[in-house]
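Trainee: Sharing a structure here in structure tokens format.
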Amino acid sequence: MDQTTAPLDLAAIRAGGKRTVARALAAIETAGGTLKHADLLDAALQATAASPGGHVLGLTGPPGVGKSTLTNVLVRRIRAAGQSLAVLAVDPSSRISGGALLGDRTRLKTDPDDPDIFVRSMAARDRLGGLSDHAVAATALLAAVYDRVIVESVGIGQSEADVATVADTVLLCIQPGSGDSLQFMKAGVMELPDVVAVTKADMGEAARRAAADVAGALSLGVRAPGAFTPPVVLVSSTAGTGFEALADAVEAHRAHVAEPGRAAALIRGRHRHWVADATRVAFGRHGLGKIDVDAEIAAAGGPFRAIRAIDLALRAR
């Protein structure tokens, strides 16, 4: 049986190492792969919910801000702490092959012999939200296998809101002197981040000014009562400064969303979005209007099974 159609087993993937994880992701990325392996993906979600770990950090920001450099620093720190880590780097697509154009594996410095670090590049293709159509499924699987997951979005600027639908913590990166804070404020992007990192803090006054601008933009955003207030952290990969504060900020948000009731609400909203988005992409708003998303998830026992059930039902009509 071909690996793209053979049933995939979560326990075998966890025990099989990086090659097994890579084969599982390849199967998911094939046409219809998410539907074929819905049972595995919902099992992965249940496994992640049942145990601590699997924290997903979404890293976003405009091109050239230093996301890959920051990811390298985070990789070293996470591995030094003894935690396993997967990095899913979503890149622009080649118009010829459809594959990842930049291939972040070439920019991330990792030890290929380290069994507890896994890096995967994924093409965004024609998706405009900063992630690929398969990134949701890939992230769900990786979070069940590794202690930490970093999802680095394609970096398209103002429209990359997708990362907020897969990440437990969204880290927005901006750089001094770019005018990003004003653009983000106009586009409403400041409603997305849980933590903001101003990169290239070694630029001194320009970096401090950018941090002040971002803090001001954040103060204008509309947030629910009791919502986490996003901290703004100055970091410099060149000078190696600010990363303790950044780690503390991420952990503070992680603790905040893990509070009783809050985590469950976050997960329910995330799953509802996944099912609605997949239905809209496949069948348009007309198809979405024919289903009750919450009822479908409850009946199927998970969002990926619900997507499969909806696909079968709407295609049969």
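Numbering starts fresh at 1 for the residues of each chain in the structure tokens, the chains themselves are lettered A, B, ... in the order given, and ligands are numbered from 1 as they appear.
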Which residues come within 9 Å of A:Leu108, counting only C-alpha atoms, excluding same-chain residues fewer than 4 positions away, as a PyMOL selection string?
Mentor: chain A and resi 68-69+71-72+75+104+119
Trainee: Compile a residue-level contact table for stretch 174-251 of chain A against stretch 256-259 of chain A at a cut-off of 9 Å, reporting for every qualifying residue the shortest atom pair and its distance in Å to one decimal, with only C-alpha atoms counted, rows ordered by chain and ascending number, as a tab-separated table.
Mentor:
```
residue	atom	partner	partner_atom	distance
A:Ala227	CA	A:His256	CA	8.9
A:Phe228	CA	A:His256	CA	7.1
A:Glu251	CA	A:His256	CA	8.5
```
Trainee: Those same residues - N, CA and C atoms - I'd like them written as an mmCIF file, in the first residue's frame.
Mentor:
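Final output, part-v1.cif:
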```cif
data_model
loop_
_atom_site.group_PDB
_atom_site.id
_atom_site.type_symbol
_atom_site.label_atom_id
_atom_site.label_comp_id
_atom_site.auth_asym_id
_atom_site.auth_seq_id
_atom_site.Cartn_x
_atom_site.Cartn_y
_atom_site.Cartn_z
ATOM 1 N N ALA A 227 -8.167 40.126 28.778
ATOM 2 C CA ALA A 227 -7.259 39.626 27.743
ATOM 3 C C ALA A 227 -5.812 39.943 28.116
ATOM 4 N N PHE A 228 -4.919 39.152 27.585
ATOM 5 C CA PHE A 228 -3.491 39.316 27.827
ATOM 6 C C PHE A 228 -3.009 40.598 27.149
ATOM 7 N N GLU A 251 6.412 32.702 27.890
ATOM 8 C CA GLU A 251 5.953 31.829 28.968
ATOM 9 C C GLU A 251 4.789 32.455 29.729
#
```
Trainee: When distances are computed from only C-alpha atoms, which of A:Leu312, A:Ala206, A:Ala143, A:Ile117 shows the smallest separation from A:Arg76?
Mentor: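 The shortest atom-to-atom distance to A:Arg76 comes from A:Ile117.
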Trainee: Tell me which of A:Pro225, A:Gly32, A:Pro62, A:Gly54 sits closest to A:Gln175, counting only C-alpha atoms.
Mentor: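 Of A:Pro225, A:Gly32, A:Pro62, A:Gly54, the one nearest A:Gln175, counting only C-alpha atoms, is A:Pro62.
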Trainee: Residues at most 9 Å from A:Gln46, counting only C-alpha atoms, excluding those fewer than 4 positions away in the same chain, as a list in words?
Mentor: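 The neighbour list is Leu41, Asp42, Ala50, Ser51, Ala144 and Gly302 of chain A.
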Trainee: May I have the residues within 10 Å of A:Gly242 as a PDB file with C-alpha atoms, in the first residue's frame, using only C-alpha atoms and disregarding those fewer than 6 positions away in the same chain?
Mentor:
```
ATOM      1  CA  ALA A 197       9.624  41.599  19.299  1.00  0.00           C
ATOM      2  CA  VAL A 198      11.428  44.650  17.937  1.00  0.00           C
ATOM      3  CA  THR A 199      14.444  43.119  16.211  1.00  0.00           C
ATOM      4  CA  ALA A 201      17.724  46.431  19.033  1.00  0.00           C
ATOM      5  CA  VAL A 233      10.458  43.247  23.803  1.00  0.00           C
ATOM      6  CA  LEU A 234      13.652  44.623  22.249  1.00  0.00           C
ATOM      7  CA  VAL A 235      15.919  41.863  20.949  1.00  0.00           C
ATOM      8  CA  SER A 236      19.216  41.791  19.093  1.00  0.00           C
TER       9      SER A 236
END
```
Trainee: Work out how far apart atom CA of A:Leu70 and atom CA of A:Tyr146 are and give it in Å to one decimal.
Mentor: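 Between atom CA of A:Leu70 and atom CA of A:Tyr146 the gap works out to 19.6 Å.
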Trainee: For atom CA of A:Leu10 and atom CA of A:Leu40, quote the distance in Å rounded to one decimal.
Mentor: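 Rounded to one decimal, the two atoms are 6.4 Å apart.
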Trainee: Could you tell me how far atom CA of A:Ala81 lies from atom CA of A:Ala49, in Å and to one decimal?
Mentor: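 Between these atoms lies a distance of 22.3 Å.
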Trainee: Which is closer to A:Gly61 than all the others in A:Ile310, A:Ile174, A:Ala44, A:Ala11, using only C-alpha atoms?
Mentor: A:Ile174
Trainee: Excluding A:Leu74 and residues on its chain fewer than 6 positions from it, collect all residues at most 10 Å away from it, counting only C-alpha atoms, and give them as a PyMOL selection string.
Mentor: chain A and resi 68+80+85+150+243+246-247
Trainee: For A:Arg305, which residue out of A:Ala31, A:Asp113, A:Trp274, A:Pro193 is the nearest one, using only C-alpha atoms?
Mentor: A:Trp274
Trainee: Need the shell around stretch 34-37 of chain A: protein/DNA/RNA residues with any atom at most 8 Å away, counting only C-alpha atoms. Skip same-chain ones fewer than 5 positions apart. Format as number ranges by chain?
Mentor: A: 5, 7-8, 28-29, 134, 137, 304-305, 307-308
Trainee: Write to file, as a PDB file, in the first residue's frame, the residues of the selection just made, with N, CA and C atoms.
Mentor:
```
ATOM      1  N   THR A   5      -1.663   6.585   1.208  1.00  0.00           N
ATOM      2  CA  THR A   5      -3.003   6.074   1.481  1.00  0.00           C
ATOM      3  C   THR A   5      -3.018   5.113   2.659  1.00  0.00           C
ATOM      4  N   PRO A   7      -2.911   3.710   6.371  1.00  0.00           N
ATOM      5  CA  PRO A   7      -3.233   4.356   7.650  1.00  0.00           C
ATOM      6  C   PRO A   7      -1.956   4.734   8.400  1.00  0.00           C
ATOM      7  N   LEU A   8      -1.951   5.897   9.011  1.00  0.00           N
ATOM      8  CA  LEU A   8      -0.808   6.356   9.779  1.00  0.00           C
ATOM      9  C   LEU A   8      -1.132   6.242  11.257  1.00  0.00           C
ATOM     10  N   ILE A  28       0.328  13.726   4.304  1.00  0.00           N
ATOM     11  CA  ILE A  28      -0.686  14.736   4.571  1.00  0.00           C
ATOM     12  C   ILE A  28      -0.709  15.803   3.479  1.00  0.00           C
ATOM     13  N   GLU A  29       0.459  16.121   2.917  1.00  0.00           N
ATOM     14  CA  GLU A  29       0.566  17.185   1.919  1.00  0.00           C
ATOM     15  C   GLU A  29       0.084  16.784   0.537  1.00  0.00           C
ATOM     16  N   HIS A 134      -1.986  23.098   3.972  1.00  0.00           N
ATOM     17  CA  HIS A 134      -1.659  21.903   4.755  1.00  0.00           C
ATOM     18  C   HIS A 134      -0.996  22.240   6.085  1.00  0.00           C
ATOM     19  N   ALA A 137      -2.871  21.058   9.384  1.00  0.00           N
ATOM     20  CA  ALA A 137      -2.734  19.636   9.668  1.00  0.00           C
ATOM     21  C   ALA A 137      -1.312  19.299  10.107  1.00  0.00           C
ATOM     22  N   PHE A 304     -10.968  17.425  12.175  1.00  0.00           N
ATOM     23  CA  PHE A 304     -10.535  16.841  10.908  1.00  0.00           C
ATOM     24  C   PHE A 304     -11.514  15.779  10.426  1.00  0.00           C
ATOM     25  N   ARG A 305     -12.068  15.007  11.341  1.00  0.00           N
ATOM     26  CA  ARG A 305     -13.119  14.069  10.954  1.00  0.00           C
ATOM     27  C   ARG A 305     -14.354  14.829  10.472  1.00  0.00           C
ATOM     28  N   ILE A 307     -14.341  17.742   8.943  1.00  0.00           N
ATOM     29  CA  ILE A 307     -14.032  18.211   7.583  1.00  0.00           C
ATOM     30  C   ILE A 307     -14.258  17.082   6.581  1.00  0.00           C
ATOM     31  N   ARG A 308     -13.822  15.884   6.946  1.00  0.00           N
ATOM     32  CA  ARG A 308     -14.013  14.730   6.051  1.00  0.00           C
ATOM     33  C   ARG A 308     -15.498  14.425   5.868  1.00  0.00           C
TER      34      ARG A 308
END
```
Trainee: Taking into account only C-alpha atoms, which residue in the set A:Lys200, A:Asp116, A:Ala26, A:Val195 is nearest to A:Ala138?
Mentor: A:Ala26
Trainee: If you count only C-alpha atoms, which residues fall within 10 Å of A:Arg254, apart from same-chain ones fewer than 5 positions away, as a ChimeraX atom specification?
Mentor: /A:55-57,168-169,194,248-249,259,263
Trainee: Hey, which of A:Asp213, A:Arg285, A:Ala167, A:Gly204 ends up closest to A:Leu266? Count only C-alpha atoms.
Mentor: A:Ala167
